[in-house]
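This is coords-v6.cif (mmCIF, C-alpha atoms).
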data_start
#
loop_
_atom_site.label_atom_id
_atom_site.label_comp_id
_atom_site.auth_asym_id
_atom_site.auth_seq_id
_atom_site.Cartn_x
_atom_site.Cartn_y
_atom_site.Cartn_z
CA MET A 11 120.34 124.33 81.61
CA VAL A 12 119.46 121.81 84.33
CA TYR A 13 121.90 123.60 86.63
CA LEU A 14 120.32 126.98 85.94
CA ALA A 15 116.84 125.58 86.57
CA TRP A 16 118.03 123.94 89.78
CA LEU A 17 119.64 127.17 90.96
CA GLY A 18 116.62 129.31 90.07
CA ARG A 19 116.17 133.08 90.13
CA ARG A 20 117.00 133.49 93.80
CA GLY A 21 119.71 130.85 93.79
CA ILE A 22 121.88 132.54 91.17
CA VAL A 23 121.74 135.81 93.12
CA GLU A 24 122.60 134.04 96.38
CA LEU A 25 125.45 132.15 94.72
CA GLY A 26 126.84 135.37 93.24
CA GLU A 27 126.68 137.13 96.61
CA LEU A 28 128.34 134.19 98.33
CA LEU A 29 131.19 134.13 95.78
CA LEU A 30 131.66 137.90 96.03
CA ALA A 31 131.89 137.82 99.82
CA ARG A 32 134.06 134.73 99.98
CA THR A 33 136.47 135.88 97.27
CA HIS A 34 136.87 139.23 99.02
CA TYR A 35 137.45 137.52 102.37
CA ALA A 36 140.06 135.17 100.88
CA ARG A 37 141.97 138.00 99.21
CA GLU A 38 142.13 140.04 102.42
CA ARG A 39 143.08 136.97 104.49
CA LEU A 40 145.93 135.97 102.15
CA ALA A 41 147.16 139.52 101.60
CA ALA A 42 147.72 139.77 105.37
CA ILE A 43 150.54 137.19 105.06
CA ALA A 44 154.10 138.57 104.93
CA GLY A 45 155.40 138.28 101.36
CA VAL A 46 151.92 138.36 99.81
CA GLU A 47 150.63 141.48 98.12
CA LYS A 48 147.29 142.17 96.46
CA LEU A 49 147.55 143.91 93.13
CA HIS A 50 144.72 146.44 93.58
CA GLU A 51 141.63 147.30 95.63
CA GLN A 52 139.08 146.59 92.88
CA PRO A 53 136.16 144.33 93.79
CA VAL A 54 136.87 140.71 92.82
CA VAL A 55 134.64 137.69 92.35
CA ARG A 56 135.37 134.02 91.59
CA GLU A 57 139.10 134.69 91.43
CA PHE A 58 141.84 137.12 92.39
CA ALA A 59 145.52 137.74 91.74
CA LEU A 60 148.29 137.99 94.32
CA ARG A 61 151.96 138.85 93.90
CA LEU A 62 154.16 136.52 95.95
CA ASP A 63 157.60 137.33 97.24
CA GLY A 64 159.80 134.47 96.03
CA ASP A 65 159.94 131.67 93.49
CA LEU A 66 156.31 130.95 92.60
CA ALA A 67 157.01 127.46 91.24
CA ALA A 68 158.80 126.51 94.47
CA ILE A 69 156.00 127.95 96.61
CA ARG A 70 153.39 125.98 94.65
CA ARG A 71 155.45 122.77 95.09
CA ARG A 72 155.70 123.40 98.84
CA CYS A 73 151.95 123.86 99.13
CA ALA A 74 151.32 120.68 97.14
CA LEU A 75 153.31 118.75 99.75
CA ASP A 76 150.69 119.96 102.25
CA GLY A 77 147.90 118.75 99.99
CA VAL A 78 146.97 122.24 98.85
CA ASN A 79 146.98 123.46 95.26
CA PRO A 80 147.14 127.22 95.79
CA GLY A 81 146.15 128.22 92.23
CA VAL A 82 147.47 128.97 88.78
CA ASP A 83 150.70 130.74 87.81
CA ALA A 84 149.29 133.65 85.79
CA HIS A 85 152.53 134.13 83.84
CA ALA A 86 152.47 130.53 82.64
CA LEU A 87 149.20 131.29 80.83
CA SER A 88 149.54 134.92 79.80
CA GLY A 89 153.31 135.16 79.17
CA ARG A 90 153.14 138.81 80.27
CA ALA A 91 156.20 140.14 82.09
CA GLU A 92 154.02 141.90 84.69
CA ASP A 93 152.43 138.53 85.57
CA ARG A 94 155.71 137.04 86.83
CA GLY A 95 155.23 135.87 90.41
CA VAL A 96 151.46 136.37 90.17
CA LEU A 97 149.24 133.62 91.58
CA LEU A 98 145.60 133.35 90.48
CA VAL A 99 143.48 131.96 93.30
CA ALA A 100 139.98 130.74 92.43
CA ILE A 101 137.20 130.58 95.02
CA THR A 102 134.08 128.54 94.37
CA GLU A 103 131.13 127.63 96.58
CA ARG A 104 133.01 124.41 97.40
CA ARG A 105 135.76 126.31 99.24
CA SER A 106 134.80 126.99 102.84
CA ARG A 107 136.24 129.48 105.29
CA ALA A 108 138.19 126.61 106.86
CA ASP A 109 139.62 125.73 103.41
CA ILE A 110 140.77 129.33 102.98
CA GLU A 111 142.41 129.15 106.39
CA ARG A 112 144.22 125.96 105.37
CA LEU A 113 145.44 127.67 102.18
CA ALA A 114 146.64 130.67 104.20
CA GLU A 115 148.64 128.42 106.53
CA ALA A 116 150.18 126.44 103.67
CA LEU A 117 151.08 129.60 101.77
CA GLN A 118 152.59 131.25 104.82
CA LEU A 119 154.77 128.22 105.53
CA ALA A 120 155.80 127.87 101.89
CA ILE A 121 156.90 131.49 101.64
CA ALA A 122 158.73 131.37 104.97
CA ARG A 123 160.58 128.17 104.11
CA GLN A 124 162.32 129.48 101.01
CA PRO A 125 164.58 128.76 99.28
CA ASP A 126 163.13 125.49 98.09
CA PRO A 127 165.29 122.35 98.25
CA VAL A 128 165.85 120.51 94.99
CA PRO A 129 162.62 118.63 94.24
CA THR A 130 162.86 114.88 94.22
CA MET B 19 150.02 105.34 41.41
CA LEU B 20 153.62 106.31 42.15
CA ALA B 21 154.34 106.50 38.42
CA GLU B 22 151.22 108.61 37.95
CA ILE B 23 152.44 111.28 40.41
CA GLY B 24 156.03 111.03 39.14
CA VAL B 25 157.97 109.52 42.04
CA GLU B 26 159.96 106.31 42.37
CA SER B 27 158.99 105.31 45.90
CA VAL B 28 157.00 106.32 48.99
CA GLN B 29 160.31 107.33 50.59
CA GLU B 30 160.83 109.87 47.83
CA ILE B 31 157.59 111.63 48.83
CA PHE B 32 158.89 112.04 52.38
CA ASP B 33 162.33 113.11 51.10
CA ARG B 34 160.78 115.86 49.01
CA GLN B 35 158.41 117.17 51.68
CA ILE B 36 160.21 116.86 55.02
CA PRO B 37 163.40 118.85 55.67
CA GLU B 38 166.53 116.72 56.19
CA GLY B 39 167.13 117.99 59.74
CA VAL B 40 163.81 116.88 61.20
CA ARG B 41 163.57 113.48 59.53
CA LEU B 42 163.48 110.44 61.82
CA ARG B 43 166.27 107.93 61.20
CA GLY B 44 165.41 104.44 62.31
CA ALA B 45 162.59 103.20 64.52
CA LEU B 46 161.13 105.02 67.55
CA ASP B 47 162.68 104.04 70.85
CA LEU B 48 159.70 102.13 72.26
CA PRO B 49 159.54 99.09 74.53
CA ALA B 50 158.41 95.75 73.12
CA GLY B 51 154.71 94.96 72.95
CA LEU B 52 152.75 93.81 76.03
CA GLY B 53 149.72 91.62 76.57
CA GLU B 54 146.40 93.38 77.21
CA GLN B 55 146.38 92.54 80.90
CA ASP B 56 149.94 93.84 81.35
CA VAL B 57 149.05 97.07 79.53
CA TYR B 58 146.06 97.50 81.84
CA GLU B 59 148.26 97.03 84.93
CA HIS B 60 150.85 99.45 83.58
CA LEU B 61 148.25 102.15 82.82
CA ARG B 62 146.58 101.62 86.20
CA GLU B 63 149.89 102.20 87.96
CA LEU B 64 150.47 105.38 85.95
CA ALA B 65 146.92 106.61 86.68
CA GLU B 66 147.44 106.08 90.41
CA ARG B 67 150.19 108.70 90.38
CA ASN B 68 147.68 111.42 89.42
CA VAL B 69 146.33 113.67 92.12
CA SER B 70 142.69 114.52 91.54
CA ALA B 71 140.86 117.67 92.60
CA GLU B 72 139.02 115.54 95.15
CA GLN B 73 142.29 114.47 96.80
CA GLU B 74 143.83 117.89 97.31
CA LEU B 75 142.41 121.23 98.34
CA SER B 76 142.27 122.96 94.97
CA PHE B 77 142.20 126.68 94.26
CA LEU B 78 142.84 126.17 90.55
CA GLY B 79 140.84 128.32 88.19
CA ALA B 80 141.85 130.53 85.25
CA GLY B 81 139.01 129.20 83.15
CA MET B 82 138.02 125.95 84.88
CA TYR B 83 136.40 126.00 88.27
CA ASP B 84 135.72 123.37 90.88
CA HIS B 85 132.00 124.08 91.20
CA TYR B 86 129.56 121.86 93.01
CA VAL B 87 127.43 119.83 90.61
CA PRO B 88 124.29 118.45 92.26
CA ALA B 89 123.43 114.81 91.66
CA LEU B 90 120.15 115.65 89.95
CA ILE B 91 122.06 117.03 86.94
CA ASP B 92 123.49 113.63 85.99
CA MET B 93 120.18 112.00 86.80
CA LEU B 94 118.23 114.27 84.45
CA THR B 95 120.75 114.71 81.62
CA GLU B 96 121.28 110.96 81.37
CA ARG B 97 117.60 110.34 80.68
CA SER B 98 117.22 108.85 77.22
CA GLU B 99 115.15 111.69 75.78
CA PHE B 100 118.20 113.95 76.22
CA LEU B 101 121.09 111.52 75.97
CA THR B 102 120.18 109.27 73.06
CA PRO B 103 117.67 110.95 70.72
CA TYR B 104 118.44 109.65 67.23
CA THR B 105 119.12 113.11 65.84
CA PRO B 106 118.37 116.44 67.46
CA TYR B 107 116.70 118.14 64.50
CA GLN B 108 113.87 115.76 63.74
CA PRO B 109 111.21 117.22 65.99
CA GLU B 110 108.96 114.17 66.09
CA ILE B 111 111.61 112.12 67.84
CA SER B 112 113.72 114.65 69.70
CA GLN B 113 111.37 116.75 71.75
CA GLY B 114 113.63 116.44 74.77
CA GLY B 115 116.66 117.92 73.00
CA LEU B 116 114.71 120.75 71.40
CA GLN B 117 112.92 121.58 74.61
CA VAL B 118 116.13 121.72 76.63
CA MET B 119 117.79 123.99 74.06
CA PHE B 120 114.77 126.29 74.08
CA GLU B 121 114.77 126.42 77.87
CA TYR B 122 118.52 127.05 77.95
CA GLN B 123 118.32 129.86 75.40
CA THR B 124 115.42 131.40 77.30
CA ALA B 125 117.33 131.25 80.59
CA ILE B 126 120.47 132.76 79.04
CA SER B 127 118.47 135.52 77.35
CA GLU B 128 116.91 136.39 80.69
CA LEU B 129 120.25 136.27 82.49
CA THR B 130 122.04 138.42 79.91
CA ALA B 131 119.03 140.67 79.18
CA LEU B 132 119.73 140.09 75.48
CA PRO B 133 116.99 139.26 72.99
CA VAL B 134 118.66 136.31 71.26
CA SER B 135 120.77 133.43 72.51
CA ASN B 136 122.66 130.83 70.55
CA ALA B 137 123.11 127.34 71.99
CA SER B 138 125.62 125.64 69.80
CA LEU B 139 129.16 126.92 70.22
CA TYR B 140 132.18 125.15 71.68
CA GLU B 141 133.52 127.19 74.63
CA GLY B 142 134.24 130.74 75.80
CA PRO B 143 137.09 131.65 73.42
CA SER B 144 135.26 130.31 70.34
CA ALA B 145 132.08 132.10 71.44
CA VAL B 146 133.98 135.39 71.61
CA ALA B 147 135.58 134.80 68.19
CA ALA B 148 132.12 134.02 66.75
CA ALA B 149 130.70 137.18 68.32
CA ALA B 150 133.53 139.23 66.76
CA TYR B 151 132.75 137.68 63.38
CA LEU B 152 129.08 138.67 63.77
CA ALA B 153 130.27 142.22 64.44
CA LYS B 154 132.26 142.16 61.19
CA LEU B 155 129.20 140.91 59.28
CA HIS B 156 127.16 143.63 60.94
CA ASN B 157 129.32 146.66 60.17
CA GLY B 158 132.02 145.45 57.78
CA ARG B 159 134.88 147.11 59.69
CA ARG B 160 138.25 145.50 60.25
CA ARG B 161 139.53 146.36 63.71
CA ILE B 162 138.83 144.57 66.99
CA VAL B 163 139.66 146.43 70.20
CA HIS B 164 139.98 144.13 73.20
CA SER B 165 140.88 144.46 76.84
CA ALA B 166 144.05 142.80 78.13
CA GLY B 167 141.72 141.38 80.78
CA LEU B 168 140.41 138.72 78.40
CA HIS B 169 141.60 135.19 79.13
CA PRO B 170 144.89 134.56 77.22
CA HIS B 171 143.24 131.64 75.41
CA THR B 172 140.44 133.95 74.29
CA ILE B 173 142.97 136.40 72.88
CA GLU B 174 144.80 133.59 71.06
CA THR B 175 141.57 132.21 69.59
CA LEU B 176 140.45 135.68 68.59
CA ARG B 177 143.81 136.31 66.90
CA THR B 178 143.61 133.04 64.98
CA HIS B 179 140.07 133.70 63.77
CA ALA B 180 140.74 137.38 63.05
CA HIS B 181 143.65 136.44 60.79
CA GLY B 182 141.28 134.17 58.87
CA TYR B 183 138.66 136.80 58.28
CA GLY B 184 141.05 139.68 57.67
CA MET B 185 140.73 141.63 60.90
CA GLU B 186 143.35 143.04 63.24
CA LEU B 187 143.44 143.18 67.04
CA VAL B 188 144.30 146.15 69.23
CA GLU B 189 144.92 145.38 72.90
CA VAL B 190 144.00 147.85 75.63
CA PRO B 191 146.08 147.43 78.82
CA LEU B 192 144.76 147.13 82.37
CA ARG B 193 145.22 149.94 84.87
CA ASP B 194 144.82 149.23 88.55
CA GLY B 195 143.44 145.78 87.75
CA VAL B 196 140.75 146.78 85.27
CA THR B 197 140.60 147.91 81.64
CA ASP B 198 142.20 151.35 81.27
CA ARG B 199 139.16 153.42 80.34
CA GLN B 200 141.14 156.26 78.75
CA ALA B 201 143.23 153.91 76.61
CA TRP B 202 140.04 152.01 75.72
CA THR B 203 138.33 155.21 74.55
CA ARG B 204 141.42 156.28 72.59
CA ALA B 205 141.79 152.86 70.92
CA ILE B 206 138.25 152.92 69.53
CA GLU B 207 138.41 154.59 66.14
CA ALA B 208 136.23 154.93 63.07
CA ASP B 209 137.23 151.52 61.70
CA THR B 210 136.58 149.66 64.99
CA SER B 211 134.17 146.82 64.41
CA ALA B 212 133.94 145.42 67.95
CA ALA B 213 135.14 146.30 71.45
CA ILE B 214 135.54 143.31 73.77
CA PHE B 215 136.01 142.94 77.52
CA ALA B 216 135.53 140.15 80.07
CA GLN B 217 133.33 140.22 83.20
CA PRO B 218 134.96 139.46 85.57
CA ASN B 219 138.31 139.76 83.84
CA PHE B 220 141.02 137.07 83.75
CA TYR B 221 142.39 138.32 87.07
CA GLY B 222 138.97 138.19 88.77
CA ALA B 223 138.37 141.95 88.92
CA LEU B 224 134.90 143.28 88.15
CA GLU B 225 134.93 145.70 85.23
CA ASP B 226 132.80 148.82 85.09
CA ALA B 227 130.76 147.38 82.23
CA VAL B 228 128.41 150.36 81.94
CA SER B 229 131.30 152.79 81.63
CA LEU B 230 133.21 150.65 79.09
CA SER B 231 130.07 150.20 76.98
CA ALA B 232 129.30 153.91 77.08
CA ALA B 233 132.88 154.80 76.17
CA ALA B 234 132.80 152.43 73.20
CA LYS B 235 129.57 153.96 71.95
CA ASP B 236 130.10 157.62 72.73
CA GLY B 237 133.90 157.95 72.49
CA ALA B 238 135.38 160.38 70.00
CA GLY B 239 136.32 157.62 67.55
CA ALA B 240 132.92 156.00 67.79
CA ARG B 241 130.96 159.17 67.12
CA SER B 242 129.55 159.68 63.65
CA PRO B 243 131.49 162.11 61.49
CA GLU B 244 129.40 164.77 59.75
CA SER B 245 129.82 162.98 56.44
CA GLU B 246 128.23 159.84 57.90
CA PRO B 247 125.39 160.86 60.21
CA ASP B 248 123.85 157.37 60.27
CA ARG B 249 127.06 155.60 61.18
CA GLN B 250 126.67 153.05 63.99
CA PRO B 251 129.06 152.77 66.92
CA PRO B 252 131.13 149.59 67.27
CA VAL B 253 129.52 146.46 68.66
CA VAL B 254 130.36 145.98 72.34
CA ILE B 255 131.01 142.36 73.33
CA ALA B 256 131.17 141.20 76.94
CA GLN B 257 132.53 137.76 77.77
CA VAL B 258 130.68 137.01 80.97
CA ASP B 259 130.80 134.19 83.45
CA PRO B 260 127.07 133.45 83.86
CA ILE B 261 127.64 132.74 87.53
CA VAL B 262 128.16 136.46 88.25
CA LEU B 263 125.07 137.61 86.35
CA GLY B 264 122.97 137.32 89.50
CA ILE B 265 124.96 140.19 91.02
CA CYS B 266 126.23 142.15 87.99
CA LYS B 267 124.37 144.28 85.53
CA PRO B 268 123.72 142.01 82.53
CA PRO B 269 125.20 142.93 79.10
CA GLY B 270 121.80 143.89 77.71
CA ASP B 271 121.39 146.54 80.42
CA CYS B 272 124.87 148.01 79.93
CA GLY B 273 124.21 149.43 76.50
CA GLY B 274 126.30 146.54 75.20
CA CYS B 275 125.09 144.60 72.21
CA GLN B 276 126.51 141.12 72.55
CA GLY B 277 127.45 138.70 75.23
CA GLY B 278 129.83 135.87 74.50
CA SER B 279 129.80 133.54 77.41
CA ARG B 280 130.01 129.93 78.12
CA GLY B 281 128.01 127.86 80.46
CA LYS B 282 128.95 126.53 83.80
CA PRO B 283 132.02 124.39 83.99
CA SER B 284 130.68 121.13 85.20
CA THR B 285 131.51 117.81 86.79
CA PRO B 286 134.90 117.78 88.46
CA THR B 287 136.14 114.31 87.52
CA ALA B 288 139.60 112.80 87.90
CA GLY B 289 142.39 115.33 87.61
CA ALA B 290 141.66 119.04 87.73
CA ALA B 291 138.11 120.29 87.53
CA SER B 292 137.02 119.66 83.98
CA CYS B 293 134.50 121.61 82.01
CA SER B 294 133.23 119.05 79.57
CA PRO B 295 129.68 120.09 78.76
CA CYS B 296 130.38 123.77 78.20
CA ARG B 297 127.33 125.48 76.83
CA PRO B 298 128.38 128.74 75.27
CA ALA B 299 125.97 131.48 74.42
CA SER B 300 126.42 134.27 71.99
CA SER B 301 123.69 136.78 71.51
CA THR B 302 123.73 139.78 69.32
CA SER B 303 121.84 142.76 68.09
CA ALA B 304 123.23 141.95 64.66
CA ALA B 305 121.42 138.64 64.90
CA ARG B 306 118.26 140.49 65.73
CA LYS B 307 118.43 142.14 62.32
CA ARG B 308 119.11 138.83 60.62
CA PRO B 309 116.69 136.35 62.08
CA PRO B 310 118.71 133.25 63.00
CA THR B 311 117.19 130.82 60.54
CA SER B 312 118.97 127.89 62.07
CA ALA B 313 118.70 128.88 65.71
CA PRO B 314 117.89 125.61 67.45
CA ARG B 315 119.82 123.36 65.11
CA LYS B 316 122.85 121.42 66.11
CA ARG B 317 125.25 119.62 63.88
#
What would the structure in this file look like if it were written as structure tokens?
Amino acid sequence: MVYLAWLGRRGIVELGELLLARTHYARERLAAIAGVEKLHEQPVVREFALRLDGDLAAIRRRCALDGVNPGVDAHALSGRAEDRGVLLVAITERRSRADIERLAEALQLAIARQPDPVPT
Amino acid sequence: MLAEIGVESVQEIFDRQIPEGVRLRGALDLPAGLGEQDVYEHLRELAERNVSAEQELSFLGAGMYDHYVPALIDMLTERSEFLTPYTPYQPEISQGGLQVMFEYQTAISELTALPVSNASLYEGPSAVAAAAYLAKLHNGRRRIVHSAGLHPHTIETLRTHAHGYGMELVEVPLRDGVTDRQAWTRAIEADTSAAIFAQPNFYGALEDAVSLSAAAKDGAGARSPESEPDRQPPVVIAQVDPIVLGICKPPGDCGGCQGGSRGKPSTPTAGAASCSPCRPASSTSAARKRPPTSAPRKR
């Protein structure tokens, strides 16, 4: 309630527009990486799904070594066969364009460096 | 007491109730006790191994989001008229609590374009299950049609509740990232009580809410048979993230009846972004017919 009042009528529209634009930008930026595929062309906001070429758990571990948590393993939550290898990436107003760039670099390196060594 | 219930010993109660194979033999393998200060040191060391959302660049979501929470929220919500009123439903001493609930419900009603808002549910999945139950009370039918784009936890909660109140779920798959409109229309039959989708869906895609609502209301299965000209279409329930309502058509303007949503995930603390004070809202046209006698009350 306090948050809504703070945001106000214009603020919630501006926040929505910002999330829409930033989520779209992040999806296109990440989908440009070799081994990353977007699932569809539908408009996305707040979050989007990517299919990664390789072992998702290993890629997530690699990114974590770079201080980046790239998102949630969709299959781990849904259990659906079609969600295997699908990464859910969330974008909030706290994630800047530079943050998205850092994620793109970490993801690109993690995918290129496969297979993953045994984790310690 | 043992004689009264017809057993020789406490052990016999366990022997009768717990299958042989899963019974624990002997003591748990635990280290010896520690002094308070040693326990504190041990726990502090364990806690230091955690990585918080402030330490790494986090793109975690799937229900909990690392939103920015301005400092004024803690400052205002920790004021005593909100934080420590003796009990929220004695108006003479809890004006702060009642006022904030009224303001919240008003804001959510405006955001969702729905006439009524609740302010006392747990979180998104429970709000959706409660909305589905309202649909059952409204039309007495037994089938819930839901999009595969709902959050998996919402589907699990819905399934658990539906079992309890004798309803069954029918899942409609996604097609090209959004709810398959043809399958959705086909799935909605005469005994469909509620049709539920999420906006945006679990995978972040924006659903065509107007089209899904229209299909649920005008689809072949939803149309009144000649024998029942007054029959009402199923209740359409949208689980919405309030943060997108500034840019999306609100449920009340989609021809939908109910919105089940939950408030903004708040306060990223240690660990992943947490969503402690979730403020769910569930509004319904069914509720409009039954005035909510206990609207602003909280247990």
>> List the spatial neighbours of region 187-189 of chain B as a PyMOL selection string - criterion: any atom at most 10 Å away, only C-alpha atoms, same-chain residues fewer than 6 positions off excluded.
In response: chain B and resi 160-168+173+176-177+180-181+201-202+205-206+210+212-214
Would you save the residues of that selection, restricted to C-alpha atoms, as a CSV table (one decimal), in the frame of the given file?
chain,number,residue,atom,x,y,z
B,160,ARG,CA,138.2,145.5,60.2
B,161,ARG,CA,139.5,146.4,63.7
B,162,ILE,CA,138.8,144.6,67.0
B,163,VAL,CA,139.7,146.4,70.2
B,164,HIS,CA,140.0,144.1,73.2
B,165,SER,CA,140.9,144.5,76.8
B,166,ALA,CA,144.0,142.8,78.1
B,167,GLY,CA,141.7,141.4,80.8
B,168,LEU,CA,140.4,138.7,78.4
B,173,ILE,CA,143.0,136.4,72.9
B,176,LEU,CA,140.4,135.7,68.6
B,177,ARG,CA,143.8,136.3,66.9
B,180,ALA,CA,140.7,137.4,63.0
B,181,HIS,CA,143.6,136.4,60.8
B,201,ALA,CA,143.2,153.9,76.6
B,202,TRP,CA,140.0,152.0,75.7
B,205,ALA,CA,141.8,152.9,70.9
B,206,ILE,CA,138.2,152.9,69.5
B,210,THR,CA,136.6,149.7,65.0
B,212,ALA,CA,133.9,145.4,68.0
B,213,ALA,CA,135.1,146.3,71.4
B,214,ILE,CA,135.5,143.3,73.8
Need to verify the contact set: region 77-80 of chain A, 9 Å, all atoms listed in the file, exclusion of same-chain residues closer than 6 positions in sequence. Can you return it as a PDB file with C-alpha atoms, in the frame of the given file?
ATOM      1  CA  ILE A  69     156.000 127.950  96.610  1.00  0.00           C
ATOM      2  CA  ARG A  70     153.390 125.980  94.650  1.00  0.00           C
ATOM      3  CA  ARG A  71     155.450 122.770  95.090  1.00  0.00           C
ATOM      4  CA  LEU A  97     149.240 133.620  91.580  1.00  0.00           C
ATOM      5  CA  LEU A  98     145.600 133.350  90.480  1.00  0.00           C
ATOM      6  CA  VAL A  99     143.480 131.960  93.300  1.00  0.00           C
ATOM      7  CA  ALA A 100     139.980 130.740  92.430  1.00  0.00           C
ATOM      8  CA  ARG A 112     144.220 125.960 105.370  1.00  0.00           C
ATOM      9  CA  LEU A 113     145.440 127.670 102.180  1.00  0.00           C
ATOM     10  CA  ALA A 116     150.180 126.440 103.670  1.00  0.00           C
ATOM     11  CA  LEU A 117     151.080 129.600 101.770  1.00  0.00           C
TER      12      LEU A 117
ATOM     13  CA  ALA B  71     140.860 117.670  92.600  1.00  0.00           C
ATOM     14  CA  GLN B  73     142.290 114.470  96.800  1.00  0.00           C
ATOM     15  CA  GLU B  74     143.830 117.890  97.310  1.00  0.00           C
ATOM     16  CA  LEU B  75     142.410 121.230  98.340  1.00  0.00           C
ATOM     17  CA  SER B  76     142.270 122.960  94.970  1.00  0.00           C
ATOM     18  CA  PHE B  77     142.200 126.680  94.260  1.00  0.00           C
ATOM     19  CA  LEU B  78     142.840 126.170  90.550  1.00  0.00           C
TER      20      LEU B  78
END
>> What's the separation between CA of Ile121 (chain A) and CA of Ala86 (chain A), in Å to one decimal place?
In response: 19.5 Å
>> With all atoms listed in the file considered, list every residue of chain A at most 6 Å from chain B, as a ChimeraX atom specification.
In response: /A:11,22-23,26,50,53-55,57-59,77-82,88,99-100,102
>> Evaluate the PyMOL selection byres ((chain A and resi 103) around 8) against this structure - the residues, as a list of chain:residue names, please.
In response: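 This file gives the following for the PyMOL selection byres ((chain A and resi 103) around 8): A:Leu25, A:Leu28, A:Leu29, A:Ile101, A:Thr102, A:Arg104, A:Arg105, A:Ser106, B:His85, B:Tyr86.
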> How many Å separate CA of Asp109 (chain A) from CA of Arg32 (chain A)?
Replying inline: 11.1 Å
> For the atom pair CA of Ala227 (chain B) and CA of Pro268 (chain B), what is the interatomic distance in Å to one decimal place?
Replying inline: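 That distance, rounded to one decimal, is 8.9 Å.
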>> I'd like the contact shell of Ala44 (chain A) - 12 Å cut-off, all atoms listed in the file, skipping same-chain residues fewer than 6 positions apart - returned as a list in words.
In response: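 In the requested form, the answer reads Arg61, Leu62, Asp63, Gly64, Ala114, Glu115, Leu117, Gln118, Leu119, Ala120, Ile121 and Ala122 of chain A.
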For region 126-139 of chain B, which lacks atoms in the input, supply N, CA and C atoms and format the output as a PDB file, in the frame of the given file.
ATOM      1  N   ILE B 126     119.302 131.915  79.319  1.00  0.00           N
ATOM      2  CA  ILE B 126     120.470 132.760  79.040  1.00  0.00           C
ATOM      3  C   ILE B 126     120.036 134.151  78.573  1.00  0.00           C
ATOM      4  N   SER B 127     118.969 134.205  77.774  1.00  0.00           N
ATOM      5  CA  SER B 127     118.470 135.520  77.350  1.00  0.00           C
ATOM      6  C   SER B 127     118.013 136.332  78.563  1.00  0.00           C
ATOM      7  N   GLU B 128     117.349 135.671  79.489  1.00  0.00           N
ATOM      8  CA  GLU B 128     116.910 136.390  80.690  1.00  0.00           C
ATOM      9  C   GLU B 128     118.096 136.841  81.526  1.00  0.00           C
ATOM     10  N   LEU B 129     119.074 135.942  81.676  1.00  0.00           N
ATOM     11  CA  LEU B 129     120.250 136.270  82.490  1.00  0.00           C
ATOM     12  C   LEU B 129     121.047 137.411  81.890  1.00  0.00           C
ATOM     13  N   THR B 130     121.196 137.415  80.566  1.00  0.00           N
ATOM     14  CA  THR B 130     122.040 138.420  79.910  1.00  0.00           C
ATOM     15  C   THR B 130     121.251 139.654  79.522  1.00  0.00           C
ATOM     16  N   ALA B 131     119.908 139.585  79.619  1.00  0.00           N
ATOM     17  CA  ALA B 131     119.030 140.670  79.180  1.00  0.00           C
ATOM     18  C   ALA B 131     119.238 140.970  77.692  1.00  0.00           C
ATOM     19  N   LEU B 132     119.564 139.944  76.935  1.00  0.00           N
ATOM     20  CA  LEU B 132     119.730 140.090  75.480  1.00  0.00           C
ATOM     21  C   LEU B 132     118.597 139.337  74.786  1.00  0.00           C
ATOM     22  N   PRO B 133     118.190 139.833  73.621  1.00  0.00           N
ATOM     23  CA  PRO B 133     116.990 139.260  72.990  1.00  0.00           C
ATOM     24  C   PRO B 133     117.191 137.890  72.347  1.00  0.00           C
ATOM     25  N   VAL B 134     118.423 137.562  71.996  1.00  0.00           N
ATOM     26  CA  VAL B 134     118.660 136.310  71.260  1.00  0.00           C
ATOM     27  C   VAL B 134     119.795 135.548  71.925  1.00  0.00           C
ATOM     28  N   SER B 135     119.673 134.254  71.982  1.00  0.00           N
ATOM     29  CA  SER B 135     120.770 133.430  72.510  1.00  0.00           C
ATOM     30  C   SER B 135     121.011 132.257  71.583  1.00  0.00           C
ATOM     31  N   ASN B 136     122.279 132.001  71.328  1.00  0.00           N
ATOM     32  CA  ASN B 136     122.660 130.830  70.550  1.00  0.00           C
ATOM     33  C   ASN B 136     122.863 129.668  71.542  1.00  0.00           C
ATOM     34  N   ALA B 137     122.874 128.442  71.058  1.00  0.00           N
ATOM     35  CA  ALA B 137     123.110 127.340  71.990  1.00  0.00           C
ATOM     36  C   ALA B 137     123.964 126.268  71.346  1.00  0.00           C
ATOM     37  N   SER B 138     124.866 126.672  70.475  1.00  0.00           N
ATOM     38  CA  SER B 138     125.620 125.640  69.800  1.00  0.00           C
ATOM     39  C   SER B 138     127.021 126.098  69.425  1.00  0.00           C
ATOM     40  N   LEU B 139     127.773 126.543  70.446  1.00  0.00           N
ATOM     41  CA  LEU B 139     129.160 126.920  70.220  1.00  0.00           C
ATOM     42  C   LEU B 139     130.015 126.033  71.127  1.00  0.00           C
TER      43      LEU B 139
END
